[in-house]
Each structure stands twice: as C-alpha cells, then as structure tokens.
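Undergrad: For reference, this is model20.cif, and it has mmCIF, C-alpha atoms.
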data_structure
#
loop_
_atom_site.label_atom_id
_atom_site.label_comp_id
_atom_site.auth_asym_id
_atom_site.auth_seq_id
_atom_site.Cartn_x
_atom_site.Cartn_y
_atom_site.Cartn_z
CA MET A 21 0.00 0.00 0.00
CA PHE A 22 2.93 2.27 0.75
CA GLU A 23 6.56 1.94 1.71
CA ARG A 24 6.65 0.82 5.26
CA LYS A 25 9.07 -0.91 7.60
CA GLY A 26 8.21 -4.40 8.73
CA GLN A 27 7.44 -5.21 12.34
CA LEU A 28 9.40 -7.46 14.67
CA PHE A 29 7.25 -9.84 16.73
CA ILE A 30 8.66 -11.57 19.78
CA LEU A 31 6.84 -14.68 20.90
CA SER A 32 7.73 -16.06 24.27
CA GLY A 33 6.20 -17.88 27.19
CA PRO A 34 7.08 -20.77 29.46
CA SER A 35 8.18 -24.13 28.16
CA GLY A 36 5.02 -26.15 27.63
CA ALA A 37 2.87 -23.16 26.64
CA GLY A 38 2.92 -24.20 22.99
CA LYS A 39 4.87 -21.37 21.29
CA GLY A 40 6.47 -23.71 18.77
CA SER A 41 3.19 -25.02 17.33
CA ILE A 42 1.79 -21.49 17.03
CA VAL A 43 4.86 -20.23 15.17
CA LYS A 44 4.87 -23.20 12.80
CA GLU A 45 1.22 -22.63 11.93
CA ILE A 46 1.32 -18.83 11.59
CA LEU A 47 4.25 -19.08 9.15
CA THR A 48 2.19 -21.23 6.79
CA ARG A 49 -0.61 -18.70 6.95
CA ARG A 50 1.08 -15.35 6.38
CA GLU A 51 3.26 -14.63 3.37
CA ASP A 52 4.45 -11.37 4.93
CA LEU A 53 5.92 -13.10 7.99
CA PHE A 54 9.36 -14.71 8.27
CA LEU A 55 11.12 -16.61 11.01
CA SER A 56 14.42 -15.16 12.11
CA ILE A 57 17.42 -17.46 11.81
CA SER A 58 19.51 -18.13 14.91
CA ALA A 59 23.25 -18.48 15.13
CA THR A 60 24.90 -21.05 17.36
CA SER A 61 28.35 -22.13 18.40
CA ARG A 62 27.34 -25.76 18.77
CA THR A 63 28.48 -28.46 16.36
CA PRO A 64 25.98 -28.99 13.53
CA ARG A 65 24.07 -32.27 13.62
CA LYS A 66 23.92 -34.38 10.48
CA GLY A 67 22.17 -32.51 7.65
CA GLU A 68 21.67 -29.33 9.69
CA VAL A 69 24.05 -27.18 7.63
CA GLU A 70 22.10 -27.98 4.45
CA GLN A 71 18.73 -27.30 6.12
CA GLY A 72 19.88 -23.78 6.96
CA SER A 73 18.08 -23.95 10.30
CA TYR A 74 21.05 -22.32 12.04
CA VAL A 75 24.04 -20.18 11.17
CA PHE A 76 26.95 -22.17 12.59
CA LEU A 77 29.81 -20.15 14.04
CA THR A 78 32.87 -21.17 15.94
CA ARG A 79 32.87 -20.16 19.57
CA GLU A 80 35.49 -17.52 18.76
CA GLU A 81 33.43 -16.05 15.92
CA PHE A 82 30.35 -16.03 18.15
CA GLU A 83 32.17 -14.26 20.98
CA ASN A 84 33.57 -11.70 18.53
CA ASN A 85 30.05 -10.95 17.41
CA ILE A 86 28.91 -10.55 21.01
CA ARG A 87 31.71 -8.02 21.57
CA LYS A 88 30.64 -6.09 18.46
CA SER A 89 26.98 -6.07 19.71
CA ASN A 90 25.96 -7.94 16.58
CA PHE A 91 23.22 -9.90 18.34
CA LEU A 92 19.69 -8.81 19.14
CA GLU A 93 19.87 -11.30 21.98
CA TRP A 94 22.02 -14.26 22.90
CA ALA A 95 22.35 -16.85 25.64
CA GLU A 96 24.56 -19.74 26.70
CA ILE A 97 22.61 -22.99 27.03
CA TYR A 98 24.33 -26.16 28.25
CA GLY A 99 27.70 -24.78 27.21
CA ASN A 100 26.67 -23.68 23.72
CA LEU A 101 26.03 -20.13 22.56
CA TYR A 102 22.79 -19.26 20.74
CA GLY A 103 21.74 -15.87 19.43
CA THR A 104 19.85 -13.81 16.87
CA PRO A 105 22.10 -11.82 14.51
CA LYS A 106 20.90 -8.23 14.23
CA GLU A 107 21.84 -7.47 10.66
CA PRO A 108 19.58 -9.88 8.70
CA VAL A 109 16.63 -8.97 10.95
CA PHE A 110 17.10 -5.21 10.50
CA LYS A 111 17.62 -5.66 6.74
CA ALA A 112 14.38 -7.66 6.42
CA LEU A 113 12.46 -5.06 8.46
CA GLU A 114 13.77 -2.30 6.18
CA GLU A 115 12.47 -4.29 3.21
CA GLY A 116 9.01 -4.25 4.79
CA LYS A 117 9.05 -7.88 5.91
CA ASN A 118 7.56 -8.84 9.27
CA ILE A 119 9.81 -11.04 11.37
CA ILE A 120 8.93 -13.39 14.18
CA LEU A 121 11.33 -14.51 16.89
CA GLU A 122 10.54 -17.34 19.30
CA ILE A 123 12.64 -16.81 22.41
CA ASP A 124 12.43 -17.05 26.18
CA TYR A 125 11.71 -14.06 28.41
CA GLN A 126 15.39 -13.37 29.03
CA GLY A 127 15.97 -13.05 25.30
CA ALA A 128 12.84 -10.93 24.99
CA LEU A 129 14.12 -8.52 27.64
CA GLN A 130 17.40 -8.21 25.72
CA VAL A 131 15.52 -7.42 22.49
CA LYS A 132 13.51 -4.80 24.35
CA ARG A 133 16.67 -2.93 25.23
CA VAL A 134 18.03 -3.03 21.66
CA TYR A 135 14.81 -2.62 19.67
CA ALA A 136 11.96 -1.28 21.79
CA ASP A 137 9.67 -1.03 18.74
CA ALA A 138 9.30 -4.81 18.69
CA ILE A 139 5.89 -6.23 19.59
CA PHE A 140 6.01 -8.60 22.57
CA VAL A 141 3.54 -11.48 22.70
CA PHE A 142 3.37 -13.88 25.64
CA VAL A 143 1.89 -17.36 25.26
CA LEU A 144 0.26 -18.85 28.36
CA PRO A 145 -0.97 -22.37 28.96
CA PRO A 146 -4.71 -22.44 29.70
CA SER A 147 -4.15 -23.19 33.38
CA LEU A 148 -1.50 -24.06 35.92
CA GLU A 149 -2.75 -27.63 35.95
CA GLU A 150 -2.46 -27.84 32.17
CA LEU A 151 1.04 -26.35 32.30
CA ARG A 152 2.12 -29.00 34.77
CA GLN A 153 0.58 -31.70 32.58
CA ARG A 154 2.32 -30.45 29.44
CA VAL A 155 5.69 -30.27 31.18
CA ILE A 156 5.20 -33.85 32.38
CA ASN A 157 4.03 -35.14 28.98
CA ARG A 158 6.84 -33.50 27.12
CA ASN A 159 9.71 -35.54 28.47
CA SER A 160 10.82 -38.27 30.75
CA GLU A 161 13.03 -36.36 33.11
CA THR A 162 13.18 -37.14 36.79
CA GLU A 163 10.41 -35.91 39.09
CA GLU A 164 12.72 -33.29 40.55
CA SER A 165 13.70 -31.78 37.24
CA LEU A 166 10.01 -31.62 36.21
CA GLU A 167 9.25 -29.71 39.37
CA THR A 168 12.12 -27.35 38.58
CA ARG A 169 10.82 -26.76 35.07
CA TYR A 170 7.32 -26.24 36.36
CA TYR A 171 8.39 -23.67 38.93
CA SER A 172 10.63 -21.85 36.50
CA ALA A 173 7.66 -21.69 34.11
CA LEU A 174 5.56 -20.23 36.92
CA GLU A 175 8.23 -17.67 37.62
CA GLU A 176 8.49 -16.77 33.94
CA ILE A 177 4.77 -16.00 33.81
CA HIS A 178 5.35 -13.04 36.10
CA TYR A 179 7.26 -11.33 33.28
CA LEU A 180 3.96 -11.05 31.41
CA GLU A 181 3.67 -7.42 32.48
CA ARG A 182 6.60 -6.52 30.21
CA TYR A 183 4.68 -7.77 27.17
CA ASP A 184 2.17 -6.06 24.88
CA TYR A 185 -0.15 -9.00 24.22
CA PHE A 186 -1.00 -12.37 25.74
CA ILE A 187 -2.47 -15.48 24.17
CA ILE A 188 -3.93 -18.21 26.38
CA ASN A 189 -3.11 -21.26 24.28
CA ASP A 190 -6.04 -23.58 24.83
CA ILE A 191 -7.12 -24.45 21.26
CA LEU A 192 -4.26 -24.08 18.78
CA GLU A 193 -6.37 -22.64 15.97
CA ASP A 194 -7.81 -19.92 18.22
CA SER A 195 -4.31 -19.01 19.33
CA VAL A 196 -3.05 -18.78 15.75
CA ASN A 197 -6.08 -16.63 14.85
CA LYS A 198 -5.21 -14.31 17.70
CA LEU A 199 -1.57 -13.98 16.68
CA ASP A 200 -2.70 -13.43 13.10
CA ALA A 201 -5.00 -10.61 14.30
CA ILE A 202 -2.22 -9.07 16.40
CA ILE A 203 0.09 -8.97 13.35
CA THR A 204 -2.61 -7.46 11.12
CA ALA A 205 -3.53 -4.91 13.79
CA GLU A 206 0.08 -3.88 14.34
CA CYS A 207 0.37 -3.23 10.60
CA CYS A 208 -2.50 -0.73 11.04
CA ARG A 209 -0.81 1.13 13.86
CA VAL A 210 -0.39 4.89 13.44
CA ASP A 211 3.35 5.50 13.31
CA ARG A 212 5.89 7.86 11.77
CA ASP A 213 5.64 6.23 8.32
CA ILE A 214 1.92 6.74 7.89
CA LEU A 215 2.02 10.22 9.44
CA SER A 216 4.72 11.45 7.07
CA LEU A 217 2.90 9.90 4.12
CA ILE A 218 -0.30 11.72 5.08
CA ARG A 219 1.57 14.98 5.63
CA SER A 220 3.08 14.69 2.16
CA ASN A 221 -0.50 14.44 0.77
CA HIS A 222 0.71 11.65 -1.49
CA TRP A 223 -1.05 8.57 -0.30
CA LYS A 224 -2.64 6.54 -3.01
CA PRO A 225 -4.44 3.26 -3.46
CA LYS A 226 -2.11 0.30 -3.67
CA GLU A 227 -0.91 -0.39 -7.21
CA MET B 8 -12.12 -17.05 29.11
CA PHE B 9 -12.09 -14.90 32.24
CA GLU B 10 -13.96 -11.92 33.60
CA ARG B 11 -12.81 -8.93 31.68
CA LYS B 12 -14.03 -5.45 30.90
CA GLY B 13 -15.06 -4.75 27.33
CA GLN B 14 -13.19 -2.32 25.13
CA LEU B 15 -14.49 0.92 23.65
CA PHE B 16 -13.60 1.45 19.98
CA ILE B 17 -13.87 4.87 18.41
CA LEU B 18 -14.11 4.91 14.63
CA SER B 19 -13.70 8.24 12.93
CA GLY B 20 -12.38 9.76 9.76
CA PRO B 21 -13.46 12.34 7.23
CA SER B 22 -16.86 12.31 5.60
CA GLY B 23 -16.51 10.15 2.48
CA ALA B 24 -13.95 7.78 4.02
CA GLY B 25 -16.55 5.04 4.42
CA LYS B 26 -16.86 4.65 8.21
CA GLY B 27 -20.58 3.87 8.04
CA SER B 28 -20.22 0.84 5.75
CA ILE B 29 -17.38 -0.58 7.86
CA VAL B 30 -19.39 -0.28 11.08
CA LYS B 31 -22.48 -1.84 9.51
CA GLU B 32 -20.44 -4.82 8.30
CA ILE B 33 -18.37 -5.39 11.45
CA LEU B 34 -21.53 -5.48 13.59
CA THR B 35 -22.89 -8.39 11.56
CA ARG B 36 -19.61 -10.21 12.00
CA ARG B 37 -18.86 -9.94 15.72
CA GLU B 38 -21.28 -11.04 18.41
CA ASP B 39 -19.15 -9.40 21.10
CA LEU B 40 -19.45 -5.93 19.54
CA PHE B 41 -22.31 -3.45 20.01
CA LEU B 42 -23.05 -0.04 18.59
CA SER B 43 -23.50 2.72 21.13
CA ILE B 44 -26.83 4.53 20.98
CA SER B 45 -26.81 8.32 20.59
CA ALA B 46 -29.09 10.81 22.24
CA THR B 47 -30.46 13.81 20.39
CA SER B 48 -32.60 16.86 21.05
CA ARG B 49 -34.06 16.89 17.54
CA THR B 50 -37.66 15.92 16.82
CA PRO B 51 -38.00 12.22 15.98
CA ARG B 52 -38.88 11.41 12.36
CA LYS B 53 -41.73 9.03 11.63
CA GLY B 54 -41.04 5.59 13.09
CA GLU B 55 -37.71 6.59 14.65
CA VAL B 56 -38.88 6.23 18.25
CA GLU B 57 -39.95 2.63 17.61
CA GLN B 58 -36.68 1.81 15.82
CA GLY B 59 -34.73 2.85 18.90
CA SER B 60 -32.00 4.38 16.74
CA TYR B 61 -31.82 7.42 19.05
CA VAL B 62 -32.70 8.35 22.59
CA PHE B 63 -34.88 11.45 22.13
CA LEU B 64 -34.52 14.14 24.77
CA THR B 65 -35.96 17.63 24.99
CA ARG B 66 -33.39 20.37 24.61
CA GLU B 67 -33.72 21.09 28.32
CA GLU B 68 -33.14 17.46 29.29
CA PHE B 69 -30.14 17.30 26.95
CA GLU B 70 -28.62 20.48 28.40
CA ASN B 71 -29.17 19.18 31.92
CA ASN B 72 -27.25 16.05 31.01
CA ILE B 73 -24.42 18.15 29.56
CA ARG B 74 -24.19 20.06 32.86
CA LYS B 75 -24.04 16.79 34.79
CA SER B 76 -21.25 15.53 32.47
CA ASN B 77 -23.46 12.63 31.47
CA PHE B 78 -22.11 12.50 27.91
CA LEU B 79 -18.96 10.85 26.63
CA GLU B 80 -19.08 13.43 23.86
CA TRP B 81 -21.68 15.77 22.39
CA ALA B 82 -22.00 18.36 19.64
CA GLU B 83 -24.51 20.80 18.21
CA ILE B 84 -25.19 20.16 14.51
CA TYR B 85 -27.50 22.46 12.55
CA GLY B 86 -29.17 23.62 15.76
CA ASN B 87 -29.73 20.12 17.22
CA LEU B 88 -27.79 18.49 20.02
CA TYR B 89 -26.33 15.00 19.57
CA GLY B 90 -24.34 13.03 22.10
CA THR B 91 -23.33 9.66 23.52
CA PRO B 92 -24.67 9.00 27.04
CA LYS B 93 -21.92 7.70 29.31
CA GLU B 94 -23.90 5.40 31.55
CA PRO B 95 -25.09 2.71 29.09
CA VAL B 96 -21.61 2.57 27.51
CA PHE B 97 -19.83 2.15 30.85
CA LYS B 98 -22.40 -0.43 31.97
CA ALA B 99 -21.90 -2.49 28.80
CA LEU B 100 -18.10 -2.31 29.15
CA GLU B 101 -18.39 -3.55 32.75
CA GLU B 102 -20.42 -6.49 31.45
CA GLY B 103 -17.53 -7.38 29.14
CA LYS B 104 -19.18 -6.13 25.96
CA ASN B 105 -17.13 -4.32 23.34
CA ILE B 106 -18.68 -1.08 22.14
CA ILE B 107 -18.12 0.81 18.91
CA LEU B 108 -18.77 4.50 18.44
CA GLU B 109 -18.76 6.17 15.04
CA ILE B 110 -18.01 9.85 15.55
CA ASP B 111 -16.04 12.72 14.04
CA TYR B 112 -12.61 13.74 15.29
CA GLN B 113 -14.00 16.42 17.59
CA GLY B 114 -16.14 13.82 19.34
CA ALA B 115 -13.17 11.46 19.44
CA LEU B 116 -11.02 14.09 21.16
CA GLN B 117 -13.76 14.57 23.77
CA VAL B 118 -13.90 10.81 24.43
CA LYS B 119 -10.13 10.79 24.80
CA ARG B 120 -10.37 13.26 27.67
CA VAL B 121 -13.11 11.29 29.45
CA TYR B 122 -12.03 7.72 28.72
CA ALA B 123 -8.43 7.51 27.57
CA ASP B 124 -8.54 3.69 27.54
CA ALA B 125 -10.67 3.77 24.38
CA ILE B 126 -9.07 2.52 21.16
CA PHE B 127 -9.01 5.15 18.43
CA VAL B 128 -9.26 4.01 14.81
CA PHE B 129 -9.08 6.44 11.89
CA VAL B 130 -10.55 5.57 8.50
CA LEU B 131 -8.86 7.12 5.47
CA PRO B 132 -9.99 7.16 1.87
CA PRO B 133 -7.44 5.46 -0.42
CA SER B 134 -6.26 8.76 -1.89
CA LEU B 135 -6.99 12.47 -1.98
CA GLU B 136 -8.43 12.07 -5.47
CA GLU B 137 -10.74 9.30 -4.26
CA LEU B 138 -11.81 11.39 -1.28
CA ARG B 139 -12.75 14.27 -3.59
CA GLN B 140 -14.67 11.85 -5.81
CA ARG B 141 -16.59 10.34 -2.91
CA VAL B 142 -17.54 13.75 -1.54
CA ILE B 143 -18.79 14.72 -5.03
CA ASN B 144 -20.71 11.46 -5.57
CA ARG B 145 -22.35 11.58 -2.20
CA ASN B 146 -24.57 14.59 -2.74
CA SER B 147 -25.68 17.34 -5.05
CA GLU B 148 -24.50 20.36 -3.16
CA THR B 149 -23.06 23.40 -4.88
CA GLU B 150 -19.46 23.36 -6.08
CA GLU B 151 -18.47 25.70 -3.27
CA SER B 152 -19.89 23.57 -0.48
CA LEU B 153 -18.18 20.49 -1.96
CA GLU B 154 -14.86 22.32 -1.86
CA THR B 155 -15.55 23.25 1.76
CA ARG B 156 -16.31 19.66 2.69
CA TYR B 157 -13.24 18.45 0.83
CA TYR B 158 -10.92 20.87 2.59
CA SER B 159 -12.43 20.17 5.99
CA ALA B 160 -11.88 16.45 5.33
CA LEU B 161 -8.25 17.23 4.46
CA GLU B 162 -7.88 19.18 7.67
CA GLU B 163 -9.43 16.38 9.69
CA ILE B 164 -6.86 13.90 8.37
CA HIS B 165 -4.18 15.76 10.25
CA TYR B 166 -5.74 14.57 13.52
CA LEU B 167 -4.63 11.05 12.58
CA GLU B 168 -1.66 11.38 14.93
CA ARG B 169 -4.03 11.32 17.91
CA TYR B 170 -5.28 7.87 16.90
CA ASP B 171 -3.98 4.37 17.64
CA TYR B 172 -4.77 2.71 14.32
CA PHE B 173 -5.54 3.69 10.73
CA ILE B 174 -7.42 1.85 8.02
CA ILE B 175 -7.05 2.94 4.39
CA ASN B 176 -10.51 2.08 3.11
CA ASP B 177 -9.94 0.94 -0.45
CA ILE B 178 -11.74 -2.43 -0.55
CA LEU B 179 -14.51 -2.67 2.05
CA GLU B 180 -13.87 -6.30 2.97
CA ASP B 181 -10.16 -5.68 3.60
CA SER B 182 -11.07 -2.74 5.83
CA VAL B 183 -13.57 -4.81 7.82
CA ASN B 184 -10.95 -7.57 8.19
CA LYS B 185 -8.52 -5.01 9.57
CA LEU B 186 -10.99 -3.61 12.07
CA ASP B 187 -11.90 -7.17 13.06
CA ALA B 188 -8.19 -7.91 13.66
CA ILE B 189 -7.76 -4.70 15.67
CA ILE B 190 -10.66 -5.67 17.96
CA THR B 191 -9.34 -9.23 18.42
CA ALA B 192 -5.82 -7.94 19.08
CA GLU B 193 -7.00 -5.38 21.63
CA CYS B 194 -8.78 -8.20 23.49
CA CYS B 195 -5.32 -9.85 23.77
CA ARG B 196 -3.68 -6.78 25.24
CA VAL B 197 -1.84 -7.19 28.53
CA ASP B 198 -3.75 -5.07 31.04
CA ARG B 199 -4.59 -4.93 34.73
CA ASP B 200 -7.28 -7.63 34.43
CA ILE B 201 -5.01 -10.30 33.00
CA LEU B 202 -2.12 -9.35 35.28
CA SER B 203 -4.20 -9.66 38.43
CA LEU B 204 -5.64 -12.95 37.18
CA ILE B 205 -2.15 -14.33 36.62
CA ARG B 206 -0.95 -13.05 39.98
CA SER B 207 -3.86 -14.81 41.67
CA ASN B 208 -2.64 -18.08 40.04
CA HIS B 209 -6.27 -18.86 39.24
CA TRP B 210 -6.52 -18.71 35.48
CA LYS B 211 -8.29 -21.63 33.90
CA PRO B 212 -9.46 -22.75 30.50
CA LYS B 213 -12.74 -21.23 29.43
CA GLU B 214 -15.78 -23.22 30.57
#
Can you give me the file's structure in the form of structure tokens?
TA:
Amino acid sequence: MFERKGQLFILSGPSGAGKGSIVKEILTRREDLFLSISATSRTPRKGEVEQGSYVFLTREEFENNIRKSNFLEWAEIYGNLYGTPKEPVFKALEEGKNIILEIDYQGALQVKRVYADAIFVFVLPPSLEELRQRVINRNSETEESLETRYYSALEEIHYLERYDYFIINDILEDSVNKLDAIITAECCRVDRDILSLIRSNHWKPKE
Amino acid sequence: MFERKGQLFILSGPSGAGKGSIVKEILTRREDLFLSISATSRTPRKGEVEQGSYVFLTREEFENNIRKSNFLEWAEIYGNLYGTPKEPVFKALEEGKNIILEIDYQGALQVKRVYADAIFVFVLPPSLEELRQRVINRNSETEESLETRYYSALEEIHYLERYDYFIINDILEDSVNKLDAIITAECCRVDRDILSLIRSNHWKPKE
C-alpha cells in the first residue's frame, strides 16, 4: 500500500505453553511473515548445515560478534552459545518484511533494550494444571527436574507485564487466529511512516 | 475465558472515508461488539422512536445532562444536540461487551479526555483524489460547499496522529478484516485484568 518498515514480533512464554506449534502454523498462513534465523556455536548435527536452520559459528566467531553487539539477543545454554544476529533482521524489516522470533523471556528482555519497537507477545498455557501436565508429557526427566521446570515456568509468567499481548493457548487454531490478528492490527498502527505519508499528501491506493 | 471489561472502539475519519459501511459490516460479524446509541434533542422522524435508533430528549433534558457531564461526547449540529450517554456505555463495558462508536474527530477528542482507555481508529480514503470523488458522488451540493467539505476532510486527516490505528478504506472487505483484527488484538492486550488474574494463580481454561 505504501513503503513501510516491517514489524518485529517476539513470541515467548514458558516451556510447555505451545509457542512452537503457534509459530509453525502462523508461518504457513502469512506470506508477509518470516522466522528469524539463529546463530549457534554448537556443532551442527547431520544434515543441519544444508537445512539452513542455524548459522553455525565457531565459539570464537560467536564471541567476537557478542563483543561487536551484533546480536539482538544471545544466551549460553548447556555450554553452547545461541543468538539472533541483528543485521539480517534489520535488513528484512527495512524491506518491509515482518519477522517473528521465538525466544524465552530473558531473550525478549534483551531485544527490548536493543529494539523497543518490537511487539512482545506472551503465550500462556490455559491453566496451571495444564502447564504441569504439558511439562510432564513433554519428556521423561526425573520428578525433581520436572518440578524445577514447572516452577521456573511459573516464575516466567510473572514477566507477562513486560509484554504487549498475551495469548492463552487452549485451542491451537484460536491461538493462531489471535496472533494473526495481532500482526494485522500492528500493521495498522499509526506511526511515523503513515504520518509522514499523510503529511506529504501523497497517499494513493495500492498499485 | 475470564472476567474482563469490554473495550471501547472509536471509529472516525473524514466524511466520504466510508466509516458507516465498515461499522455496519463489522456489527454483523462480531457477536461481542455493540453499537453505542446516541441521544439527540431533535424531533424524531416518523417511526424513529420505535426503531430505537436514538434516545430522544428535549433540549432542556439534553442540556441538563451536559451540565451533569453525562455524555462521553456531544455536539450541536445544525441547531440540534447529539451526544453519547456515558452510563449505558460504561455499563456495557463492565459487562464485558465491546462497544463501537462512530463519531467525528472532535467527538473522538472529547472521548479521549473522558475515557483515555478507548481505542481510536481512523478511516482514510485510499487517496486524496478518491476522497474528492466520494464527496462529489455523495450529494448534489453546490461546487463551493463540496470544496468546503473536501478541505475540511483534508484538515481532519491531520488529527490522525491522535489515533492508535488507521485503516485505508480501499476495498470494504479488507477494511472490515482489519478492524476485526484490531478488535481481536485489543482483546489480547496485557492489562490490569489479565495481570491480576495471573498473579492470583487462578486462570483456567474457558468453561
């Protein structure tokens, strides 16, 4: 309709809330939405390089990029570094593409410091009981480690207040519809781009 | 899903932008959305009382209500008073209903002072040329009065910056889809209600 920057959407929420399924589904539905690619210092598994699911860096390269503030967010998980390179995300946004990032609340807080214009969406399980059930169903860890995961999920939920939107993920399709609506709505938000277009008196129907 | 206040949506935009058609269509689509009823001091036309399209007040009653700040917004148009009574709107919002109000920018600015939590949506014609055409097609006024309406519409557009969302109304169905998405998204907004629910640790799947 007119030249406009894309929007960056951050989807987070506790493990077991169902972020992954929502992201997978929304990407099939919207042609204007792209998943950001992560970088990692871990060794690629068989076939992973070809799939392009990660950018593989050596630990030294990764740490260099951290020093140069080249990541939107990064974290060390079980001894490996994971992060979202800034440059491809910013380039895609400039081209008018919408980008979605599925990260935990710590990553989301990092993004908020670097790019406050991002839209923060928090996915909740339908209830505490359901959260516990999903954590249990998901894996076969020991009782203790399940409890740990459950309580860390509970703790994470209290970061909800730093987010713009919430989705209670009961029925997957409803949740995807909601995220879809949030993306469409955010594309209708009054911002600098539309204001300067209007002030120039040059807006026109889409070609 | 849980007890929650409804949202108040304000739709405005210049005459000729197509607000009326969008409102008519969105009301058929969403069961959770209701049109607010206006009050007026003008004499009812035949059948209007039965239709319930307006609350008819005497001029004295209307002015009394203005003095008591009983209106969300009001205006005098061609010697008649028109306004939106606060009480039924606030009652409906408390009951969790979403309300839509179709008013001009002056009314919208009044609502903003009284109820800043409202969501402000501005409808734009697809281009200046199209706006001029729609103003011309709409009625058979003199050339001069058309020019006046056109320039006042242009002036009105500059109030866009006071709004939350914009919709460029080119194809009606696209515009209704956008408004629909805005309403759904706003129902997913993180606010006091959801935060206190989460803090109480009592959220549950919808019955």
Undergrad: Could you check how far atom CA of Leu108 of chain B sits from atom CA of Glu168 of chain B, in Å to one decimal?
TA: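 Atom-to-atom, atom CA of Leu108 of chain B to atom CA of Glu168 of chain B, that is 18.8 Å.
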Undergrad: Choose the residue, out of B:Glu94, B:Asp200, B:Glu70, B:Asp111, that has the smallest atom-to-atom separation from chain A; count all atoms listed in the file.
TA: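 Using all atoms listed in the file, chain A sits closest to B:Asp200.
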Undergrad: The PyMOL selection byres ((chain B) within 9 of (chain A)) on the file shown: which residues, as a PyMOL selection string?
TA: chain B and resi 8+128-129+132-137+164-165+167-175+177+184-199+201-202+205-206+208-213
Undergrad: What do you get, as a PyMOL selection string, if you spell out every residue that the PyMOL selection byres ((chain A and resi 108) around 12) selects here?
TA: chain A and resi 54-59+75+90-92+104-107+109-115+117+119
Undergrad: Record the distance separating atom CA of Ile42 of chain A and atom CA of Ser195 of chain A, expressed in Å with one decimal.
TA: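 A separation of 7.0 Å between them.
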Undergrad: Restore N, CA and C atoms in segment 97-118 of chain A and list the result as a compact mmCIF listing (two decimals), keeping the file's coordinate frame.
TA:
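selection35.txt was written with the following content:
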# COMPACT_ATOMS: atom_id res chain seq x y z
N ILE A 97 23.46 -21.89 26.55
CA ILE A 97 22.61 -22.99 27.03
C ILE A 97 23.40 -24.29 26.99
N TYR A 98 23.55 -24.92 28.14
CA TYR A 98 24.33 -26.16 28.25
C TYR A 98 25.68 -26.04 27.54
N GLY A 99 26.35 -24.93 27.74
CA GLY A 99 27.70 -24.78 27.21
C GLY A 99 27.79 -24.30 25.77
N ASN A 100 26.65 -24.18 25.09
CA ASN A 100 26.67 -23.68 23.72
C ASN A 100 26.04 -22.29 23.65
N LEU A 101 26.56 -21.48 22.73
CA LEU A 101 26.03 -20.13 22.56
C LEU A 101 24.97 -20.12 21.46
N TYR A 102 23.88 -19.42 21.71
CA TYR A 102 22.79 -19.26 20.74
C TYR A 102 22.43 -17.78 20.68
N GLY A 103 22.12 -17.28 19.50
CA GLY A 103 21.74 -15.87 19.43
C GLY A 103 21.07 -15.51 18.13
N THR A 104 20.51 -14.31 18.08
CA THR A 104 19.85 -13.81 16.87
C THR A 104 20.68 -12.68 16.29
N PRO A 105 21.31 -12.90 15.12
CA PRO A 105 22.10 -11.82 14.51
C PRO A 105 21.21 -10.64 14.14
N LYS A 106 21.67 -9.45 14.49
CA LYS A 106 20.90 -8.23 14.23
C LYS A 106 20.71 -7.95 12.74
N GLU A 107 21.81 -8.02 12.01
CA GLU A 107 21.84 -7.47 10.66
C GLU A 107 20.78 -8.03 9.72
N PRO A 108 20.63 -9.37 9.61
CA PRO A 108 19.58 -9.88 8.70
C PRO A 108 18.17 -9.48 9.14
N VAL A 109 17.95 -9.37 10.47
CA VAL A 109 16.63 -8.97 10.95
C VAL A 109 16.35 -7.52 10.55
N PHE A 110 17.31 -6.63 10.81
CA PHE A 110 17.10 -5.21 10.50
C PHE A 110 16.94 -5.00 8.99
N LYS A 111 17.71 -5.78 8.21
CA LYS A 111 17.62 -5.66 6.74
C LYS A 111 16.21 -6.06 6.28
N ALA A 112 15.72 -7.18 6.80
CA ALA A 112 14.38 -7.66 6.42
C ALA A 112 13.30 -6.65 6.82
N LEU A 113 13.44 -6.06 8.01
CA LEU A 113 12.46 -5.06 8.46
C LEU A 113 12.45 -3.85 7.52
N GLU A 114 13.67 -3.43 7.11
CA GLU A 114 13.77 -2.30 6.18
C GLU A 114 13.06 -2.61 4.86
N GLU A 115 13.12 -3.88 4.47
CA GLU A 115 12.47 -4.29 3.21
C GLU A 115 10.96 -4.46 3.37
N GLY A 116 10.45 -4.18 4.57
CA GLY A 116 9.01 -4.25 4.79
C GLY A 116 8.52 -5.62 5.21
N LYS A 117 9.45 -6.54 5.46
CA LYS A 117 9.05 -7.88 5.91
C LYS A 117 8.77 -7.86 7.42
N ASN A 118 7.78 -8.63 7.84
CA ASN A 118 7.56 -8.84 9.27
C ASN A 118 8.36 -10.06 9.70
